[in-house]
There are 2 protein chains.
Amino acid sequence: MTDRTWRIGVAGLGTVGAGLLTFLAEHPGFAPAGGRAVVSGVSARSRSRPRPFDISNLPWFDDPVALAQSPETDIFVELIGGSDGPAKAAVEAALAAGKPVVTANKALVAEHGAELAALAESKGAPLLFEAAVMGGTPAVKMVREALVGDDIKSVAGILNGTCNYILTEMEASGRSFAEVLAEAQRLGYAEADPTMDIGGFDAAHKISILAALAFGCAPNYAAAEVEGIAQVELLDIRMAKDLGYRIKLVASADRSEEGVLVRVHPSLAPLNHPLAQAGGALNALFIEGARVGRIFVQGPGAGAGPTAAAVAADIADVMAGAVRPVFQAPAGTLRPFEPVDPSRSLSRAYVRFLVKDEPGVIAAVSETLAEAGVSIESFLQKPVENADGVPIVLTTHAVAESVLAAAIERIAGLSAVLDKPRMLRIARI
Amino acid sequence: MTDRTWRIGVAGLGTVGAGLLTFLAEHPGFAPAGGRAVVSGVSARSRSRPRPFDISNLPWFDDPVALAQSPETDIFVELIGGSDGPAKAAVEAALAAGKPVVTANKALVAEHGAELAALAESKGAPLLFEAAVMGGTPAVKMVREALVGDDIKSVAGILNGTCNYILTEMEASGRSFAEVLAEAQRLGYAEADPTMDIGGFDAAHKISILAALAFGCAPNYAAAEVEGIAQVELLDIRMAKDLGYRIKLVASADRSEEGVLVRVHPSLAPLNHPLAQAGGALNALFIEGARVGRIFVQGPGAGAGPTAAAVAADIADVMAGAVRPVFQAPAGTLRPFEPVDPSRSLSRAYVRFLVKDEPGVIAAVSETLAEAGVSIESFLQKPVENADGVPIVLTTHAVAESVLAAAIERIAGLSAVLDKPRMLRIARI
């Protein structure tokens with residue numbers, strides 16, 4: 001244990017920054033391993049903006065880079081956000097000066113993690129980002145530290161609370177995506193510009209980070225295959241439920257001998273599966289290891305309290321003084337990220353066709369699938385009132401995605417098929 | 001990152017020891033933070049016992065204390081087991097010599113944790129025990145490191161895989177406790193002497209450790225209130241299910257202003273609750289914090305692979321060099337463990353009475369409860385063929401346990417009541 005005083009510079013005073021300053025005010029000297037932590041300076045876009053806590057006694061920095069470089073800053077906490085711009089400049093400045101950095105910035109770590117890790121390790125400065133994934137639920141620590149004695153094969157789960165809230169509300173209230181999104185924005189559960197969340201990009205940042213930690217490769221956000229939830233229709237939520245599934249935005253990273261496949265897409269999970277039961281804004285993650293088997297963790301993925309608690313845990317880790325690679329292995333030895341061609345991967349799928357209500361349609365659809373070698377697992381047709389056509393849905397056994405896509409395209413060309421077919425994958429977990 | 005070679009002495013070559021040596025053989029030099037790990041010596045009760053791996057090339061120590069003290073041992077791994085005897089002597093010897101210790105020994109840590117922590121911290125030697133709780137599922141790291149930025153209010157879950165397996169099998173197969181236990185022993189899922197597991201003592205060791213980590217108090221195994229599963233009857237499993245519950249052995253630690261309550265007892269969890277759904281040998285844990293809210297983690301709680309992975313993660317932590325208190329706070333500042341009088345705590349309960357099949361019995365039972373101020377939530381009477389009496393079960397709203405116990409005793413004295421009533425708590429989580 002040590003008597004050292006750690007001076008903490010906090011850049012970014014939004015939700016998480018406010019949560020952190022509140023926490024540190026309630027835990028004066030916070031330093032579980034001994035010593036003492038004090039806030040030595042803050043930086044934000046506006047000094048005068050009304051805040052629920054007093055910053056008048058704290059040294060103010062207009063420029064976060066200056067705060068990062070200040071001789072009064074021992075640990076730099078970056079809560080500005082954004083993959084580039086001032087967040088990146090300030091983190092680089094702190095690391096270049098050999099200062100430990102704690103950040104909640106998933107975009108920064110997912111898009112520039114490899115170069116930041118190389119910089120951090122060359123300077124002997126820790127770079128920690130527990131709050132970047134699953135907020136207060138310690139996914140990063142679990143994968144990076146607790147499972148180093150295992151060979152992780154896959155990580156998959158629900159990593160975006162906004163999407164999970166919207167999908168849960170759509171099912172519960174029977175309202176459309178657009179209606180629920182508008183309400184979520186009014187209530188502050190979704191951002192004014194919700195693209196990062198509903199487009200799946202936030203989840204893609206997070207799963208890219210977990211993939212790097214799990215597989216010992218450099219994070220490669222650009223290689224992630226991303227589909228958001230804007231196209232999820234109420235009809236599919238209902239039809240999937242009739243078949244025993246719930247639609248969730250699932251982020252997954254799988255490692256095989258061919259390489260790594262990182263994806264985010266709406267997926268069907270069986271109703272009795274823990275992922276299907278993680279409702280509202282919850283986040284949930286499965287980690288599958290060769291030795292440990294399957295570990296499941298679930299908790300709040302966002303919010304001032306949980307996320308600030310994760311930042312505080314990282315600050316405590318810096319004070320504890322562990323020397324670890326930023327990702328699973330030293331930056332210089334991270335494997336290149338070798339993306340797998342997703343069209344070759346096997347998936348079970350849910351497919352919906354809107355067809356004319358006339359004889360022979362089902363036969364035509366099922367014959368086309370049979371010719372392509374796609375095996376049907378279940379089939380459902382339900383009457384729909386006042387509709388232009390009849391939706392039929394089916395689930396398939398595992399099939400190469402390219403084969404299924406070709407079969408669907410052929411079916412789309414049938415004269416009895418009224419609309420573009422809809423394909424959703426069934427989660428592999 | 002470092003180039004250091006870490007020499008690891010492994011005492012105890014049972015299931016976990018075998019798993020660890022296999023893991024280290026498959027990961028030569030295992031050292032995620034850099035450097036190199038080698039096994040420098042082993043110790044076990046019998047050198048010649050047939051083993052699935054070769055130890056003939058490893059230096060052998062008859063006495064684990066000698067291995068702990070050997071100048072060739074940099075990290076001492078204790079996998080002997082038992083709260084006292086050679087395990088304790090060897091761990092003390094290693095710590096006294098300033099050597100890091102990694103152990104899977106829940107009994108040792110739960111019963112002697114405070115004194116071992118004081119010794120470890122006085123010598124600057126880490127004492128790590130991830131494998132002691134939930135095997136490969138990182139409960140210890142979550143509570144000790146990941147949630148230091150929170151104030152934990154309770155931890156509760158399923159911490160003994162053998163009991164969970166037996167209860168799951170009883171429900172699935174309709175066999176009695178004794179039959180399922182005998183089968184589990186034949187299959188090697190239960191020990192020849194199963195007392196530690198089925199008596200709830202193993203779970204009590206684990207929850208005592210988690211309580212110390214969560215609340216910053218010294219572990220106090222002696223203060224735990226423990227009831228095992230030997231008295232769980234098939235009838236109760238069925239009646240509970242009819243009421244929407246599943247019986248699980250739940251270990252819980254709750255902190256209030258009055259103190260800490262640590263208990264292990266068979267409890268009812270609602271069928272749709274994650275604890276009710278954790279079947280077979282799975283372990284599962286809820287952690288509730290003031291800021292983070294509720295985190296749930298589930299995974300394998302035992303087995304060579306998972307437990308060895310946890311030991312390997314601890315070895316990696318030692319090599320990473322963090323300096324942390326053994327529990328939540330330095331040993332000298334751990335709060336005394338102030339046990340709460342359980343009879344004052346409020347619980348919802350399930351109560352079963354075996355009564356004569358005659359008029360007025362239900363009225364007498366419910367009047368007695370009403371007079372005591374016990375409020376009934378649900379009530380169930382089912383005909384039972386070829387039985388001496390009729391079982392009636394009820395669930396109560398929250399009530400002081402002492403009040404409920406007195407009411408049950410009064411009912412037991414009624415002439416129409418044939419047998420000792422059975423009370424089970426409904427899990428608070």
# chains A, B, ... in the order shown; residues from 1 in each chain; ligands from 1
call {"tool": "residues_around", "arguments": {"residues": "Ala87 in chain B", "least_positions_apart": "6", "cutoff": "12 Å", "atoms": "only C-alpha atoms", "output": "MDAnalysis selection string"}}
result
chainID B and resid 10:12 43:45 63:65 67:68 76:81 93:94 101:109 112
call {"tool": "closest_atom_pairs", "arguments": {"of": "chain B", "to": "chain A", "cutoff": "7 Å", "atoms": "only C-alpha atoms", "output": "Markdown table"}}
result
| residue | atom | partner | partner_atom | distance |
| --- | --- | --- | --- | --- |
| B:Met1 | CA | A:Val323 | CA | 6.6 |
| B:Pro32 | CA | A:Ala329 | CA | 6.3 |
| B:Ala33 | CA | A:Arg324 | CA | 4.9 |
| B:Gly136 | CA | A:Val292 | CA | 5.7 |
| B:Thr137 | CA | A:Ile295 | CA | 6.6 |
| B:Pro138 | CA | A:Ala146 | CA | 6.0 |
| B:Met142 | CA | A:Pro138 | CA | 6.9 |
| B:Glu145 | CA | A:Ala313 | CA | 6.6 |
| B:Ala146 | CA | A:Ala313 | CA | 5.5 |
| B:Leu147 | CA | A:Ala313 | CA | 6.3 |
| B:Val148 | CA | A:Ala313 | CA | 5.6 |
| B:Gly149 | CA | A:Ala309 | CA | 4.3 |
| B:Asp150 | CA | A:Ala309 | CA | 5.8 |
| B:Arg291 | CA | A:Gly305 | CA | 4.7 |
| B:Val292 | CA | A:Pro306 | CA | 4.1 |
| B:Arg294 | CA | A:Gly299 | CA | 6.1 |
| B:Ile295 | CA | A:Gly299 | CA | 4.5 |
| B:Phe296 | CA | A:Gln298 | CA | 5.0 |
| B:Val297 | CA | A:Val297 | CA | 4.2 |
| B:Gln298 | CA | A:Phe296 | CA | 5.0 |
| B:Gly299 | CA | A:Ile295 | CA | 4.5 |
| B:Pro300 | CA | A:Val292 | CA | 6.9 |
| B:Gly305 | CA | A:Arg291 | CA | 4.7 |
| B:Pro306 | CA | A:Val292 | CA | 4.1 |
| B:Ala309 | CA | A:Gly149 | CA | 4.3 |
| B:Ala310 | CA | A:Gly149 | CA | 6.5 |
| B:Ala312 | CA | A:Gly149 | CA | 4.9 |
| B:Ala313 | CA | A:Gly149 | CA | 5.1 |
| B:Ala320 | CA | A:Val323 | CA | 4.9 |
| B:Gly321 | CA | A:Ala322 | CA | 4.9 |
| B:Ala322 | CA | A:Ala322 | CA | 3.9 |
| B:Val323 | CA | A:Ala320 | CA | 4.9 |
| B:Arg324 | CA | A:Ala33 | CA | 4.9 |
| B:Pro325 | CA | A:Ala33 | CA | 5.9 |
| B:Ala329 | CA | A:Pro32 | CA | 6.3 |
call {"tool": "select_by_dssp", "arguments": {"residues": "range 126-372 of chain B", "states": "alpha helix (DSSP H)", "output": "number ranges by chain"}}
result
B: 139-141, 161-173, 177-187, 195-198, 201-215, 234-242, 274-277, 304-320, 361-372
call {"tool": "residues_around", "arguments": {"residues": "Lys420 in chain A", "least_positions_apart": "5", "cutoff": "9 Å", "atoms": "only C-alpha atoms", "output": "count of residues only"}}
result
4
call {"tool": "select_by_dssp", "arguments": {"residues": "range 120-288 of chain B", "states": "strand (DSSP E or B)", "output": "ChimeraX atom specification"}}
result
/B:127-128,152-158,217,225-226,245-255,260-270,282-288
call {"tool": "write_last_selection", "arguments": {"atoms": "C-alpha atoms", "output": "short mmCIF file (atom, residue, chain, number, x, y, z; two decimals), in the first residue's frame"}}
result
data_model
loop_
_atom_site.label_atom_id
_atom_site.label_comp_id
_atom_site.auth_asym_id
_atom_site.auth_seq_id
_atom_site.Cartn_x
_atom_site.Cartn_y
_atom_site.Cartn_z
CA LEU B 127 -2.70 -13.47 -1.97
CA LEU B 128 -5.15 -14.30 -4.76
CA ILE B 152 -22.26 -2.98 -2.78
CA LYS B 153 -25.44 -3.67 -0.85
CA SER B 154 -25.86 -7.38 -1.44
CA VAL B 155 -24.49 -10.42 -3.19
CA ALA B 156 -26.61 -13.50 -3.61
CA GLY B 157 -26.62 -16.55 -5.76
CA ILE B 158 -26.05 -20.21 -6.42
CA CYS B 217 -15.20 -6.49 6.55
CA GLU B 225 -26.28 -19.11 9.10
CA VAL B 226 -26.20 -22.36 7.14
CA TYR B 245 -41.22 -21.07 -7.85
CA ARG B 246 -38.15 -23.30 -8.03
CA ILE B 247 -36.16 -24.33 -4.96
CA LYS B 248 -32.48 -23.39 -5.12
CA LEU B 249 -29.71 -23.37 -2.53
CA VAL B 250 -29.15 -19.62 -2.30
CA ALA B 251 -26.16 -18.08 -0.56
CA SER B 252 -26.63 -14.43 0.28
CA ALA B 253 -24.87 -11.57 2.03
CA ASP B 254 -26.78 -8.40 2.79
CA ARG B 255 -25.46 -5.24 4.33
CA VAL B 260 -24.18 -7.93 7.79
CA LEU B 261 -26.35 -11.00 7.31
CA VAL B 262 -24.69 -14.00 5.64
CA ARG B 263 -26.88 -17.03 5.03
CA VAL B 264 -27.11 -20.17 2.99
CA HIS B 265 -30.45 -21.91 2.75
CA PRO B 266 -32.83 -23.54 0.29
CA SER B 267 -34.91 -20.70 -1.13
CA LEU B 268 -37.70 -20.23 -3.61
CA ALA B 269 -36.91 -18.24 -6.75
CA PRO B 270 -39.66 -17.31 -9.23
CA LEU B 282 -24.12 -23.89 -13.10
CA ASN B 283 -23.28 -21.20 -10.60
CA ALA B 284 -24.95 -17.81 -10.73
CA LEU B 285 -24.57 -14.57 -8.79
CA PHE B 286 -26.35 -11.26 -8.42
CA ILE B 287 -24.36 -8.30 -7.20
CA GLU B 288 -26.32 -5.21 -6.25
#
call {"tool": "atom_distance", "arguments": {"atom1": "CA of Arg49 in chain A", "atom2": "CA of Glu26 in chain A"}}
result
22.3 Å
call {"tool": "residues_around", "arguments": {"residues": "Val384 in chain B", "least_positions_apart": "5", "cutoff": "12 Å", "atoms": "only C-alpha atoms", "output": "CSV table (one decimal) with C-alpha atoms, in the first residue's frame"}}
result
chain,number,residue,atom,x,y,z
B,235,LEU,CA,-43.2,-32.7,-2.4
B,238,ARG,CA,-43.5,-29.8,-6.7
B,239,MET,CA,-45.7,-27.6,-4.6
B,354,LEU,CA,-49.5,-31.7,6.7
B,355,VAL,CA,-53.0,-31.7,8.0
B,356,LYS,CA,-55.9,-34.1,8.7
B,357,ASP,CA,-58.5,-34.0,5.9
B,389,GLY,CA,-52.6,-36.4,5.5
B,390,VAL,CA,-53.2,-33.5,3.1
B,391,PRO,CA,-50.4,-31.0,2.5
B,392,ILE,CA,-51.4,-27.4,2.3
call {"tool": "residues_around", "arguments": {"residues": "Ala114 in chain A", "least_positions_apart": "2", "cutoff": "8 Å", "atoms": "only C-alpha atoms", "output": "short mmCIF file (atom, residue, chain, number, x, y, z; two decimals) with C-alpha atoms, in the first residue's frame"}}
result
data_model
loop_
_atom_site.label_atom_id
_atom_site.label_comp_id
_atom_site.auth_asym_id
_atom_site.auth_seq_id
_atom_site.Cartn_x
_atom_site.Cartn_y
_atom_site.Cartn_z
CA HIS A 112 -7.41 3.88 -32.97
CA LEU A 116 -2.80 4.12 -28.88
CA ALA A 117 -1.75 0.79 -27.34
CA ALA A 118 1.65 1.03 -29.02
CA ALA A 218 -5.69 -5.43 -33.19
CA PRO A 219 -9.14 -3.85 -33.01
CA ALA A 331 0.78 -4.03 -29.15
#
call {"tool": "residues_around", "arguments": {"residues": "Glu183 in chain A", "least_positions_apart": "6", "cutoff": "12 Å", "atoms": "only C-alpha atoms", "output": "NGL selection string"}}
result
:A and (162 or 165-166 or 169-170 or 173 or 175-177 or 189-192)
call {"tool": "residues_around", "arguments": {"residues": "Asp236 in chain A", "least_positions_apart": "6", "cutoff": "9 Å", "atoms": "only C-alpha atoms", "output": "list of chain:residue names"}}
result
A:Ile247, A:Arg352, A:Val393, A:Arg422
call {"tool": "atom_distance", "arguments": {"atom1": "CA of Leu380 in chain A", "atom2": "CA of Gly200 in chain A"}}
result
28.8 Å
call {"tool": "closest_residue", "arguments": {"among": "B:Met134, B:Cys163, B:Ala224, B:Ala427", "to": "Ala276 in chain B", "atoms": "only C-alpha atoms"}}
result
B:Ala427
call {"tool": "atom_distance", "arguments": {"atom1": "CA of Thr333 in chain A", "atom2": "CA of Ala211 in chain A"}}
result
15.5 Å
